[in-house]
Every structure is written in C-alpha cells, then in structure tokens.
>>> print(open('query03.pdb').read())   # PDB, C-alpha atoms and all ligand atoms
ATOM      1  CA  MET A 276      -7.747  -9.699 -20.636  1.00  0.00           C
ATOM      2  CA  ILE A 277      -5.261  -8.840 -17.892  1.00  0.00           C
ATOM      3  CA  ASP A 278      -2.779  -7.495 -20.434  1.00  0.00           C
ATOM      4  CA  LYS A 279      -5.411  -5.275 -22.100  1.00  0.00           C
ATOM      5  CA  ASN A 280      -6.620  -3.969 -18.760  1.00  0.00           C
ATOM      6  CA  LEU A 281      -3.070  -3.239 -17.649  1.00  0.00           C
ATOM      7  CA  GLU A 282      -2.318  -1.407 -20.863  1.00  0.00           C
ATOM      8  CA  ARG A 283      -5.354   0.817 -20.374  1.00  0.00           C
ATOM      9  CA  ILE A 284      -4.481   1.497 -16.738  1.00  0.00           C
ATOM     10  CA  LYS A 285      -0.865   2.333 -17.540  1.00  0.00           C
ATOM     11  CA  LYS A 286      -1.993   4.878 -20.128  1.00  0.00           C
ATOM     12  CA  LYS A 287      -4.256   6.520 -17.578  1.00  0.00           C
ATOM     13  CA  ILE A 288      -1.488   6.535 -14.975  1.00  0.00           C
ATOM     14  CA  LYS A 289       0.799   8.210 -17.462  1.00  0.00           C
ATOM     15  CA  LYS A 290      -1.725  10.921 -18.260  1.00  0.00           C
ATOM     16  CA  ALA A 291      -2.533  11.559 -14.605  1.00  0.00           C
ATOM     17  CA  ALA A 292       1.186  11.732 -13.822  1.00  0.00           C
ATOM     18  CA  GLY A 293       1.558  14.350 -16.540  1.00  0.00           C
ATOM     19  CA  ARG A 294      -1.164  16.457 -14.956  1.00  0.00           C
ATOM     20  CA  SER A 295       0.670  16.421 -11.619  1.00  0.00           C
ATOM     21  CA  ASN A 296       4.189  16.833 -13.032  1.00  0.00           C
ATOM     22  CA  GLN A 297       5.258  13.399 -11.864  1.00  0.00           C
ATOM     23  CA  ASP A 298       7.461  10.985 -13.745  1.00  0.00           C
ATOM     24  CA  PRO A 299       5.111   8.113 -14.672  1.00  0.00           C
ATOM     25  CA  ASP A 300       7.965   5.640 -14.179  1.00  0.00           C
ATOM     26  CA  GLN A 301       8.122   6.649 -10.528  1.00  0.00           C
ATOM     27  CA  ILE A 302       4.530   5.626  -9.885  1.00  0.00           C
ATOM     28  CA  LYS A 303       4.398   2.125  -8.494  1.00  0.00           C
ATOM     29  CA  LEU A 304       1.474  -0.050  -9.449  1.00  0.00           C
ATOM     30  CA  ILE A 305       0.469  -2.595  -6.829  1.00  0.00           C
ATOM     31  CA  ALA A 306      -1.722  -5.344  -8.270  1.00  0.00           C
ATOM     32  CA  VAL A 307      -4.224  -6.185  -5.541  1.00  0.00           C
ATOM     33  CA  THR A 308      -4.808  -9.903  -5.845  1.00  0.00           C
ATOM     34  CA  LYS A 309      -7.021 -10.604  -2.832  1.00  0.00           C
ATOM     35  CA  THR A 310      -9.895 -11.900  -4.988  1.00  0.00           C
ATOM     36  CA  VAL A 311      -7.898 -13.806  -7.588  1.00  0.00           C
ATOM     37  CA  SER A 312      -6.177 -17.168  -7.960  1.00  0.00           C
ATOM     38  CA  PRO A 313      -2.448 -17.901  -7.923  1.00  0.00           C
ATOM     39  CA  GLU A 314      -2.683 -18.512 -11.682  1.00  0.00           C
ATOM     40  CA  GLU A 315      -3.899 -14.944 -12.223  1.00  0.00           C
ATOM     41  CA  ILE A 316      -1.075 -13.657 -10.037  1.00  0.00           C
ATOM     42  CA  ARG A 317       1.333 -15.546 -12.262  1.00  0.00           C
ATOM     43  CA  GLN A 318      -0.255 -13.909 -15.305  1.00  0.00           C
ATOM     44  CA  VAL A 319      -0.083 -10.387 -13.934  1.00  0.00           C
ATOM     45  CA  VAL A 320       3.593 -10.863 -13.075  1.00  0.00           C
ATOM     46  CA  GLU A 321       4.143 -12.225 -16.580  1.00  0.00           C
ATOM     47  CA  CYS A 322       2.725  -8.917 -17.846  1.00  0.00           C
ATOM     48  CA  GLY A 323       5.473  -7.040 -16.010  1.00  0.00           C
ATOM     49  CA  VAL A 324       3.902  -6.175 -12.664  1.00  0.00           C
ATOM     50  CA  THR A 325       6.397  -6.584  -9.829  1.00  0.00           C
ATOM     51  CA  ASP A 326       4.315  -5.622  -6.788  1.00  0.00           C
ATOM     52  CA  ILE A 327       1.488  -7.717  -5.357  1.00  0.00           C
ATOM     53  CA  GLY A 328      -0.941  -6.596  -2.649  1.00  0.00           C
ATOM     54  CA  GLU A 329      -2.856  -8.960  -0.379  1.00  0.00           C
ATOM     55  CA  ASN A 330      -5.045  -8.066   2.586  1.00  0.00           C
ATOM     56  CA  ARG A 331      -4.914 -11.315   4.567  1.00  0.00           C
ATOM     57  CA  VAL A 332      -1.864 -13.106   5.868  1.00  0.00           C
ATOM     58  CA  GLN A 333      -3.316 -16.603   5.404  1.00  0.00           C
ATOM     59  CA  ASP A 334      -4.290 -15.984   1.784  1.00  0.00           C
ATOM     60  CA  ALA A 335      -0.929 -14.498   0.912  1.00  0.00           C
ATOM     61  CA  LEU A 336       0.844 -17.425   2.530  1.00  0.00           C
ATOM     62  CA  ALA A 337      -1.242 -19.988   0.646  1.00  0.00           C
ATOM     63  CA  LYS A 338      -0.800 -18.245  -2.713  1.00  0.00           C
ATOM     64  CA  LYS A 339       2.917 -17.758  -2.215  1.00  0.00           C
ATOM     65  CA  GLU A 340       3.259 -21.455  -1.474  1.00  0.00           C
ATOM     66  CA  VAL A 341       1.428 -22.455  -4.643  1.00  0.00           C
ATOM     67  CA  LEU A 342       3.575 -20.071  -6.667  1.00  0.00           C
ATOM     68  CA  SER A 343       6.868 -20.876  -5.032  1.00  0.00           C
ATOM     69  CA  GLY A 344       9.670 -20.860  -7.583  1.00  0.00           C
ATOM     70  CA  GLN A 345       7.351 -19.676 -10.375  1.00  0.00           C
ATOM     71  CA  LEU A 346       7.665 -15.908  -9.955  1.00  0.00           C
ATOM     72  CA  LYS A 347      10.576 -13.647 -10.811  1.00  0.00           C
ATOM     73  CA  PRO A 348      12.727 -12.985  -7.745  1.00  0.00           C
ATOM     74  CA  GLU A 349      12.083  -9.242  -7.958  1.00  0.00           C
ATOM     75  CA  VAL A 350       8.392  -9.656  -7.104  1.00  0.00           C
ATOM     76  CA  ARG A 351       7.473  -7.843  -3.868  1.00  0.00           C
ATOM     77  CA  TRP A 352       4.531  -8.657  -1.605  1.00  0.00           C
ATOM     78  CA  HIS A 353       2.671  -5.895   0.208  1.00  0.00           C
ATOM     79  CA  MET A 354       0.343  -6.363   3.166  1.00  0.00           C
ATOM     80  CA  ILE A 355      -2.464  -3.855   2.653  1.00  0.00           C
ATOM     81  CA  GLY A 356      -5.201  -5.045   5.015  1.00  0.00           C
ATOM     82  CA  HIS A 357      -5.697  -4.631   8.741  1.00  0.00           C
ATOM     83  CA  LEU A 358      -3.105  -6.731  10.542  1.00  0.00           C
ATOM     84  CA  GLN A 359      -3.870  -8.443  13.853  1.00  0.00           C
ATOM     85  CA  THR A 360      -0.984  -8.764  16.263  1.00  0.00           C
ATOM     86  CA  ASN A 361      -1.312 -12.558  16.385  1.00  0.00           C
ATOM     87  CA  LYS A 362      -0.573 -12.694  12.627  1.00  0.00           C
ATOM     88  CA  VAL A 363       2.515 -10.508  12.760  1.00  0.00           C
ATOM     89  CA  LYS A 364       4.968 -13.355  13.214  1.00  0.00           C
ATOM     90  CA  GLN A 365       3.964 -14.828   9.860  1.00  0.00           C
ATOM     91  CA  ALA A 366       3.477 -11.458   8.199  1.00  0.00           C
ATOM     92  CA  VAL A 367       7.054 -10.315   8.786  1.00  0.00           C
ATOM     93  CA  LYS A 368       8.286 -13.510   7.129  1.00  0.00           C
ATOM     94  CA  ILE A 369       6.251 -13.332   3.952  1.00  0.00           C
ATOM     95  CA  PHE A 370       5.799  -9.634   3.194  1.00  0.00           C
ATOM     96  CA  ASP A 371       8.305  -7.144   1.822  1.00  0.00           C
ATOM     97  CA  MET A 372       6.296  -4.155   3.047  1.00  0.00           C
ATOM     98  CA  ILE A 373       3.455  -3.692   5.523  1.00  0.00           C
ATOM     99  CA  GLN A 374       1.346  -0.761   4.353  1.00  0.00           C
ATOM    100  CA  SER A 375      -1.340  -0.949   7.003  1.00  0.00           C
ATOM    101  CA  VAL A 376       0.396  -0.028  10.258  1.00  0.00           C
ATOM    102  CA  ASP A 377      -2.341   1.666  12.243  1.00  0.00           C
ATOM    103  CA  SER A 378      -1.202   1.602  15.876  1.00  0.00           C
ATOM    104  CA  LEU A 379       1.836   1.826  18.102  1.00  0.00           C
ATOM    105  CA  ARG A 380       0.925  -1.553  19.557  1.00  0.00           C
ATOM    106  CA  LEU A 381       1.073  -3.182  16.128  1.00  0.00           C
ATOM    107  CA  SER A 382       4.416  -1.565  15.351  1.00  0.00           C
ATOM    108  CA  LEU A 383       5.880  -2.825  18.640  1.00  0.00           C
ATOM    109  CA  GLU A 384       4.888  -6.351  17.679  1.00  0.00           C
ATOM    110  CA  ILE A 385       6.327  -5.952  14.164  1.00  0.00           C
ATOM    111  CA  ASP A 386       9.563  -4.661  15.674  1.00  0.00           C
ATOM    112  CA  LYS A 387       9.766  -7.649  18.019  1.00  0.00           C
ATOM    113  CA  ARG A 388       8.971 -10.288  15.405  1.00  0.00           C
ATOM    114  CA  ALA A 389      11.137  -8.751  12.671  1.00  0.00           C
ATOM    115  CA  GLY A 390      13.959  -8.566  15.189  1.00  0.00           C
ATOM    116  CA  GLN A 391      13.650 -12.268  15.878  1.00  0.00           C
ATOM    117  CA  ILE A 392      14.381 -13.074  12.239  1.00  0.00           C
ATOM    118  CA  GLY A 393      16.949 -10.312  11.779  1.00  0.00           C
ATOM    119  CA  LYS A 394      14.852  -8.248   9.383  1.00  0.00           C
ATOM    120  CA  VAL A 395      14.139  -4.541   9.106  1.00  0.00           C
ATOM    121  CA  MET A 396      10.531  -4.304   7.928  1.00  0.00           C
ATOM    122  CA  PRO A 397       9.629  -1.418   5.623  1.00  0.00           C
ATOM    123  CA  ILE A 398       6.247  -0.011   6.635  1.00  0.00           C
ATOM    124  CA  LEU A 399       3.762   2.679   5.726  1.00  0.00           C
ATOM    125  CA  LEU A 400       1.620   4.383   8.329  1.00  0.00           C
ATOM    126  CA  GLU A 401      -2.067   4.090   7.513  1.00  0.00           C
ATOM    127  CA  VAL A 402      -3.951   7.291   8.174  1.00  0.00           C
ATOM    128  CA  ASN A 403      -7.709   7.579   8.437  1.00  0.00           C
ATOM    129  CA  VAL A 404      -8.106  10.914   6.688  1.00  0.00           C
ATOM    130  CA  SER A 405     -11.838  10.547   6.143  1.00  0.00           C
ATOM    131  CA  GLY A 406     -12.499  10.152   9.870  1.00  0.00           C
ATOM    132  CA  GLU A 407     -15.007   7.369   9.176  1.00  0.00           C
ATOM    133  CA  GLU A 408     -15.549   5.290  12.314  1.00  0.00           C
ATOM    134  CA  SER A 409     -15.476   2.047  10.338  1.00  0.00           C
ATOM    135  CA  LYS A 410     -12.014   2.691   8.903  1.00  0.00           C
ATOM    136  CA  PHE A 411      -8.718   1.611  10.356  1.00  0.00           C
ATOM    137  CA  GLY A 412      -5.858   4.064  10.507  1.00  0.00           C
ATOM    138  CA  LEU A 413      -4.175   6.632  12.692  1.00  0.00           C
ATOM    139  CA  LYS A 414      -5.896   9.914  13.325  1.00  0.00           C
ATOM    140  CA  PRO A 415      -4.167  12.758  11.499  1.00  0.00           C
ATOM    141  CA  GLU A 416      -3.581  14.557  14.802  1.00  0.00           C
ATOM    142  CA  GLU A 417      -1.717  11.610  16.343  1.00  0.00           C
ATOM    143  CA  LEU A 418       0.406  10.859  13.272  1.00  0.00           C
ATOM    144  CA  LEU A 419       3.496  12.893  14.159  1.00  0.00           C
ATOM    145  CA  ASP A 420       3.701  11.699  17.716  1.00  0.00           C
ATOM    146  CA  ILE A 421       3.346   8.050  16.714  1.00  0.00           C
ATOM    147  CA  ALA A 422       5.834   8.434  13.848  1.00  0.00           C
ATOM    148  CA  ARG A 423       8.351   9.775  16.380  1.00  0.00           C
ATOM    149  CA  GLN A 424       7.823   6.819  18.701  1.00  0.00           C
ATOM    150  CA  ILE A 425       7.996   4.241  15.909  1.00  0.00           C
ATOM    151  CA  SER A 426      11.151   5.844  14.519  1.00  0.00           C
ATOM    152  CA  LYS A 427      12.984   4.717  17.661  1.00  0.00           C
ATOM    153  CA  LEU A 428      12.314   1.034  16.907  1.00  0.00           C
ATOM    154  CA  SER A 429      15.187  -0.580  15.080  1.00  0.00           C
ATOM    155  CA  HIS A 430      13.472  -3.386  13.166  1.00  0.00           C
ATOM    156  CA  LEU A 431      11.009  -1.385  11.152  1.00  0.00           C
ATOM    157  CA  LYS A 432      11.395   1.578   8.892  1.00  0.00           C
ATOM    158  CA  ILE A 433       8.743   4.143   8.042  1.00  0.00           C
ATOM    159  CA  MET A 434       8.774   4.689   4.271  1.00  0.00           C
ATOM    160  CA  GLY A 435       5.617   6.757   3.791  1.00  0.00           C
ATOM    161  CA  LEU A 436       1.882   7.020   4.299  1.00  0.00           C
ATOM    162  CA  MET A 437      -1.116   5.050   3.095  1.00  0.00           C
ATOM    163  CA  THR A 438      -4.827   5.713   3.162  1.00  0.00           C
ATOM    164  CA  MET A 439      -7.972   3.997   2.084  1.00  0.00           C
ATOM    165  CA  ALA A 440     -10.610   6.390   0.816  1.00  0.00           C
ATOM    166  CA  PRO A 441     -14.301   5.683   1.391  1.00  0.00           C
ATOM    167  CA  LEU A 442     -16.331   4.154  -1.418  1.00  0.00           C
ATOM    168  CA  SER A 443     -17.728   6.799  -3.691  1.00  0.00           C
ATOM    169  CA  ASN A 444     -19.279   6.945  -7.135  1.00  0.00           C
ATOM    170  CA  ASN A 445     -17.600  10.268  -7.658  1.00  0.00           C
ATOM    171  CA  PRO A 446     -13.806  10.251  -7.232  1.00  0.00           C
ATOM    172  CA  GLU A 447     -13.798  14.069  -7.243  1.00  0.00           C
ATOM    173  CA  GLU A 448     -15.396  13.902  -3.794  1.00  0.00           C
ATOM    174  CA  LEU A 449     -12.280  12.120  -2.559  1.00  0.00           C
ATOM    175  CA  ARG A 450      -9.816  14.680  -3.883  1.00  0.00           C
ATOM    176  CA  PRO A 451      -9.649  16.653  -0.597  1.00  0.00           C
ATOM    177  CA  LEU A 452      -8.812  13.450   1.294  1.00  0.00           C
ATOM    178  CA  PHE A 453      -5.957  12.596  -1.039  1.00  0.00           C
ATOM    179  CA  ARG A 454      -4.718  16.171  -0.793  1.00  0.00           C
ATOM    180  CA  ARG A 455      -4.853  15.932   2.988  1.00  0.00           C
ATOM    181  CA  LEU A 456      -2.683  12.802   3.033  1.00  0.00           C
ATOM    182  CA  ARG A 457      -0.138  14.512   0.843  1.00  0.00           C
ATOM    183  CA  GLU A 458      -0.092  17.544   3.147  1.00  0.00           C
ATOM    184  CA  LEU A 459       0.433  15.243   6.104  1.00  0.00           C
ATOM    185  CA  SER A 460       3.397  13.580   4.397  1.00  0.00           C
ATOM    186  CA  VAL A 461       4.929  17.014   3.831  1.00  0.00           C
ATOM    187  CA  GLU A 462       4.404  17.850   7.512  1.00  0.00           C
ATOM    188  CA  VAL A 463       6.122  14.644   8.595  1.00  0.00           C
ATOM    189  CA  LYS A 464       8.962  15.233   6.166  1.00  0.00           C
ATOM    190  CA  GLU A 465       9.506  18.736   7.476  1.00  0.00           C
ATOM    191  CA  CYS A 466       9.971  17.370  10.992  1.00  0.00           C
ATOM    192  CA  HIS A 467      13.123  15.553   9.845  1.00  0.00           C
ATOM    193  CA  ILE A 468      12.596  12.649  12.211  1.00  0.00           C
ATOM    194  CA  PRO A 469      15.756  10.516  12.058  1.00  0.00           C
ATOM    195  CA  GLY A 470      15.228   7.337  10.042  1.00  0.00           C
ATOM    196  CA  VAL A 471      11.772   8.330   8.795  1.00  0.00           C
ATOM    197  CA  GLU A 472      11.368   8.636   5.040  1.00  0.00           C
ATOM    198  CA  MET A 473       8.342   9.902   3.174  1.00  0.00           C
ATOM    199  CA  GLU A 474       9.188   8.224  -0.109  1.00  0.00           C
ATOM    200  CA  TYR A 475       5.793   6.649  -0.756  1.00  0.00           C
ATOM    201  CA  LEU A 476       2.295   8.001  -0.799  1.00  0.00           C
ATOM    202  CA  SER A 477       0.066   4.958  -1.240  1.00  0.00           C
ATOM    203  CA  MET A 478      -3.424   6.054  -2.213  1.00  0.00           C
ATOM    204  CA  GLY A 479      -5.876   5.375  -5.018  1.00  0.00           C
ATOM    205  CA  MET A 480      -7.710   2.206  -6.045  1.00  0.00           C
ATOM    206  CA  SER A 481      -9.559   1.125  -9.212  1.00  0.00           C
ATOM    207  CA  GLN A 482     -12.230   3.796  -8.934  1.00  0.00           C
ATOM    208  CA  ASP A 483     -10.098   6.761  -7.996  1.00  0.00           C
ATOM    209  CA  TYR A 484      -6.420   6.244  -8.840  1.00  0.00           C
ATOM    210  CA  GLU A 485      -6.303   9.008 -11.419  1.00  0.00           C
ATOM    211  CA  VAL A 486      -7.469  11.627  -8.929  1.00  0.00           C
ATOM    212  CA  ALA A 487      -5.096  10.199  -6.320  1.00  0.00           C
ATOM    213  CA  ILE A 488      -2.135  10.533  -8.700  1.00  0.00           C
ATOM    214  CA  GLU A 489      -3.162  14.089  -9.549  1.00  0.00           C
ATOM    215  CA  GLU A 490      -2.912  14.769  -5.812  1.00  0.00           C
ATOM    216  CA  GLY A 491       0.532  13.219  -5.531  1.00  0.00           C
ATOM    217  CA  ALA A 492       0.122   9.449  -5.117  1.00  0.00           C
ATOM    218  CA  ASN A 493       3.193   7.523  -6.253  1.00  0.00           C
ATOM    219  CA  MET A 494       1.853   4.116  -5.245  1.00  0.00           C
ATOM    220  CA  VAL A 495      -1.586   2.979  -6.397  1.00  0.00           C
ATOM    221  CA  ARG A 496      -3.304  -0.233  -5.302  1.00  0.00           C
ATOM    222  CA  ILE A 497      -5.451  -1.585  -8.106  1.00  0.00           C
ATOM    223  CA  GLY A 498      -7.434  -4.814  -8.095  1.00  0.00           C
ATOM    224  CA  SER A 499     -10.748  -5.021  -9.925  1.00  0.00           C
ATOM    225  CA  ALA A 500      -9.710  -2.818 -12.869  1.00  0.00           C
ATOM    226  CA  ILE A 501      -6.849  -5.229 -13.633  1.00  0.00           C
ATOM    227  CA  PHE A 502      -8.688  -8.506 -13.179  1.00  0.00           C
ATOM    228  CA  LYS A 503     -12.150  -7.701 -14.516  1.00  0.00           C
ATOM    229  CA  ARG A 504     -13.167  -9.659 -17.582  1.00  0.00           C
TER     230      ARG A 504
HETATM  231  C1  LIG B 601      -9.153  -4.300  -2.241  1.00  0.00           C
HETATM  232  C2  LIG B 601      -8.220  -3.217  -1.916  1.00  0.00           C
HETATM  233  C3  LIG B 601      -7.706  -2.383  -2.915  1.00  0.00           C
HETATM  234  C4  LIG B 601      -8.073  -2.509  -4.381  1.00  0.00           C
HETATM  235  O1  LIG B 601      -9.430  -2.239  -4.609  1.00  0.00           O
HETATM  236  P1  LIG B 601     -10.024  -2.277  -6.103  1.00  0.00           P
HETATM  237  O2  LIG B 601     -11.238  -1.446  -6.004  1.00  0.00           O
HETATM  238  O3  LIG B 601     -10.301  -3.706  -6.414  1.00  0.00           O
HETATM  239  O4  LIG B 601      -9.006  -1.693  -7.004  1.00  0.00           O
HETATM  240  C5  LIG B 601      -6.811  -1.403  -2.533  1.00  0.00           C
HETATM  241  N1  LIG B 601      -6.429  -1.234  -1.243  1.00  0.00           N
HETATM  242  C6  LIG B 601      -6.906  -2.009  -0.249  1.00  0.00           C
HETATM  243  C7  LIG B 601      -6.445  -1.766   1.145  1.00  0.00           C
HETATM  244  C8  LIG B 601      -7.818  -3.025  -0.549  1.00  0.00           C
HETATM  245  O5  LIG B 601      -8.277  -3.795   0.441  1.00  0.00           O
END
>>> encode(input="query03.pdb", output="structure tokens")
Amino acid sequence: MIDKNLERIKKKIKKAAGRSNQDPDQIKLIAVTKTVSPEEIRQVVECGVTDIGENRVQDALAKKEVLSGQLKPEVRWHMIGHLQTNKVKQAVKIFDMIQSVDSLRLSLEIDKRAGQIGKVMPILLEVNVSGEESKFGLKPEELLDIARQISKLSHLKIMGLMTMAPLSNNPEELRPLFRRLRELSVEVKECHIPGVEMEYLSMGMSQDYEVAIEEGANMVRIGSAIFKR
C-alpha cells in the first residue's frame, strides 16, 4: 500500500511543481512516521524515501535503535515537533535537522549541546503565520531579529523556514498562510544575514501539500497520506 500511496503523492507533487515552475526533483518529501512502526519506516525507505520526520525525541530514539544498521546510510531524520530544552541533548545526537526551532532560548540550548559533540546543527525557524494561540512558532514580526541573533551562534545553521498550518477541510483557505511564509523567507533572504540560508521552505502536510507547493514549498511533510491503508 505504501508504494501505491507514494506513487500517487509523487504524481501530485510533480503536477503542483509544474504549476509553480519548480523542478519536482527539488521538492523534498519528508515521510512523517510519528504514528507508524519501525517496520513501516523500513518499508518507506525501501520505496526510495530518504527523509524521515518524527515529532518526539523519545520515539525517534526508540525507532532508530530498532532499525539500527537496517536503513541506507543516506537516510536523514528530521525533528518536526515542539522541542523542550531538556530533550535537546539527545535531539542533537539523533537528528540531522531540527525544523521546529521556535525560540531564542531553544536555539541557545541547541548551540550549547551541539557544540559539546562538535556538530553544527542545521535548523529551520518555525513561524506561526496563522497567529493561532495554540500553535508554536515565532511571530512573523520577531523573525528577523531572532534570525540575526541565532546567526551569531556557531553550532547551528539556519537553512530555512517551517510552518504548520491549522487544520482545515479546505486547503484553499490556507493558501494565504503559505504565501505569507514564502514572503517572509524572501524578506530574510534580502537581509543577507551572514551564515543564514533560505534554502528550504517546509510547509504542507497530507491535506494541503499541493497548495503549499503551488505557493513555493520545497519540503513537504506527509504522514497519513503515505501510510493509510
Ligand atoms: C503529523 C505532522 C505532519 C504530517 O501530518 P499528516 O496530516 O499525517 O500528513 C506534518 N508536520 C508536523 C509538524 C506534524 O506533526
């Protein structure tokens, strides 16, 4: 089932990329595996997916342990959920990218812990573009200032922006939010902050990834649409 689902998703990604003049090969698919077993992770990697997203440090750690030695070395693990500072020490060890950096305090801890193991951690800044109280993420108006401060830390590297859109039955409603994140990434880019890259725009999930790609996403985080039976 996973292979059929992936095939369908890849076709849709390709079409959406065409509508936004993007090269479909440049759109990175993150398989979000938070609800599935290590065996299903193994299967999705077998089908050619190289990027895995988990939203809890403990779960990722446990699954990585079960799978140790069974996955291709090129597989990358992305932390996509809210990260508590007391989990950072483990997170910097097991993840290849932390997409959910939502405060200066968290980035200071990542810098410290990554420094202790001699690593430069690639990160995305999570922005709360919807303004929903319940959502994590930086406020759009504080983004530039915080990006400038984080850019001075030597053990993490800003690679782009991430957002989580609200739940909606109608992805069209979310289009302005995706557009807003893209505009923000252009604003950051135009500031030419040393060491800050805006290579990735991580937005779009199972319900809304096509609209997100139309608005410029080049990293989509898809779970249920891949693993549904
Ligand atoms: C669960 C999750 C996703 C994937 O959601 P689906 O609707 O299953 O595709 C993407 N991003 C984050 C941050 C998530 O927690």
>>> atom_distance(input="query03.pdb", atom1="atom CA of A:Gln345", atom2="atom CA of A:Val320")
10.0 Å
>>> residues_around(input="query03.pdb", residues="A:Leu436", least_positions_apart="5", cutoff="12 Å", atoms="all atoms listed in the file", output="NGL selection string")
:A and (355 or 373-377 or 397-404 or 412-413 or 415 or 418-419 or 422 or 453 or 455-464 or 471-478 or 491-495)
>>> axis_aligned_box(input="query03.pdb", around="stretch 409-413 of chain A", padding_each_side="3 Å", output="AutoDock Vina command-line options")
--center_x -9.8 --center_y 4.1 --center_z 10.8 --size_x 17.3 --size_y 11.0 --size_z 9.8
>>> resolve_selection(input="query03.pdb", expression="the PyMOL selection byres (((chain A and resi 496) around 12) and not hetatm)", output="PyMOL selection string")
chain A and resi 284+288+302-309+324+326-330+353-356+374+437-440+476-485+487-488+492-495+497-501
>>> closest_residue(input="query03.pdb", among="A:Val311, A:Arg380, A:Ile385, A:Leu346", to="ligand LIG 601 (chain B)", atoms="only C-alpha atoms and all ligand atoms")
A:Val311
>>> atom_distance(input="query03.pdb", atom1="atom CA of A:Met372", atom2="atom CA of A:Val395")
9.9 Å
>>> closest_residue(input="query03.pdb", among="A:Ile425, A:Leu358, A:Leu431, A:Ile468", to="ligand LIG 601 (chain B)", atoms="only C-alpha atoms and all ligand atoms")
A:Leu358
>>> build_atoms(input="query03.pdb", residues="stretch 457-469 of chain A", atoms="N, CA, C and O atoms", output="mmCIF file, in the frame of the given file")
data_model
loop_
_atom_site.group_PDB
_atom_site.id
_atom_site.type_symbol
_atom_site.label_atom_id
_atom_site.label_comp_id
_atom_site.auth_asym_id
_atom_site.auth_seq_id
_atom_site.Cartn_x
_atom_site.Cartn_y
_atom_site.Cartn_z
ATOM 1 N N ARG A 457 -1.388 13.961 1.363
ATOM 2 C CA ARG A 457 -0.138 14.512 0.843
ATOM 3 C C ARG A 457 0.400 15.615 1.764
ATOM 4 O O ARG A 457 1.591 15.677 2.062
ATOM 5 N N GLU A 458 -0.510 16.480 2.220
ATOM 6 C CA GLU A 458 -0.092 17.544 3.147
ATOM 7 C C GLU A 458 0.519 16.953 4.419
ATOM 8 O O GLU A 458 1.520 17.459 4.929
ATOM 9 N N LEU A 459 -0.099 15.875 4.895
ATOM 10 C CA LEU A 459 0.433 15.243 6.104
ATOM 11 C C LEU A 459 1.842 14.694 5.859
ATOM 12 O O LEU A 459 2.718 14.800 6.716
ATOM 13 N N SER A 460 2.060 14.126 4.672
ATOM 14 C CA SER A 460 3.397 13.580 4.397
ATOM 15 C C SER A 460 4.432 14.702 4.341
ATOM 16 O O SER A 460 5.574 14.526 4.774
ATOM 17 N N VAL A 461 4.011 15.861 3.845
ATOM 18 C CA VAL A 461 4.929 17.014 3.831
ATOM 19 C C VAL A 461 5.233 17.458 5.269
ATOM 20 O O VAL A 461 6.386 17.722 5.627
ATOM 21 N N GLU A 462 4.191 17.474 6.100
ATOM 22 C CA GLU A 462 4.404 17.850 7.512
ATOM 23 C C GLU A 462 5.397 16.913 8.196
ATOM 24 O O GLU A 462 6.290 17.369 8.915
ATOM 25 N N VAL A 463 5.210 15.615 7.964
ATOM 26 C CA VAL A 463 6.122 14.644 8.595
ATOM 27 C C VAL A 463 7.538 14.870 8.077
ATOM 28 O O VAL A 463 8.504 14.916 8.844
ATOM 29 N N LYS A 464 7.645 15.046 6.762
ATOM 30 C CA LYS A 464 8.962 15.233 6.166
ATOM 31 C C LYS A 464 9.671 16.435 6.779
ATOM 32 O O LYS A 464 10.854 16.400 7.106
ATOM 33 N N GLU A 465 8.899 17.503 6.967
ATOM 34 C CA GLU A 465 9.506 18.736 7.476
ATOM 35 C C GLU A 465 9.954 18.628 8.930
ATOM 36 O O GLU A 465 10.688 19.483 9.423
ATOM 37 N N CYS A 466 9.516 17.579 9.608
ATOM 38 C CA CYS A 466 9.971 17.370 10.992
ATOM 39 C C CYS A 466 11.337 16.691 11.055
ATOM 40 O O CYS A 466 11.944 16.615 12.119
ATOM 41 N N HIS A 467 11.796 16.187 9.912
ATOM 42 C CA HIS A 467 13.123 15.553 9.845
ATOM 43 C C HIS A 467 13.354 14.572 10.980
ATOM 44 O O HIS A 467 14.365 14.652 11.684
ATOM 45 N N ILE A 468 12.423 13.671 11.170
ATOM 46 C CA ILE A 468 12.596 12.649 12.211
ATOM 47 C C ILE A 468 13.649 11.648 11.718
ATOM 48 O O ILE A 468 13.521 11.132 10.604
ATOM 49 N N PRO A 469 14.688 11.414 12.524
ATOM 50 C CA PRO A 469 15.756 10.516 12.058
ATOM 51 C C PRO A 469 15.216 9.140 11.663
ATOM 52 O O PRO A 469 14.425 8.551 12.397
#
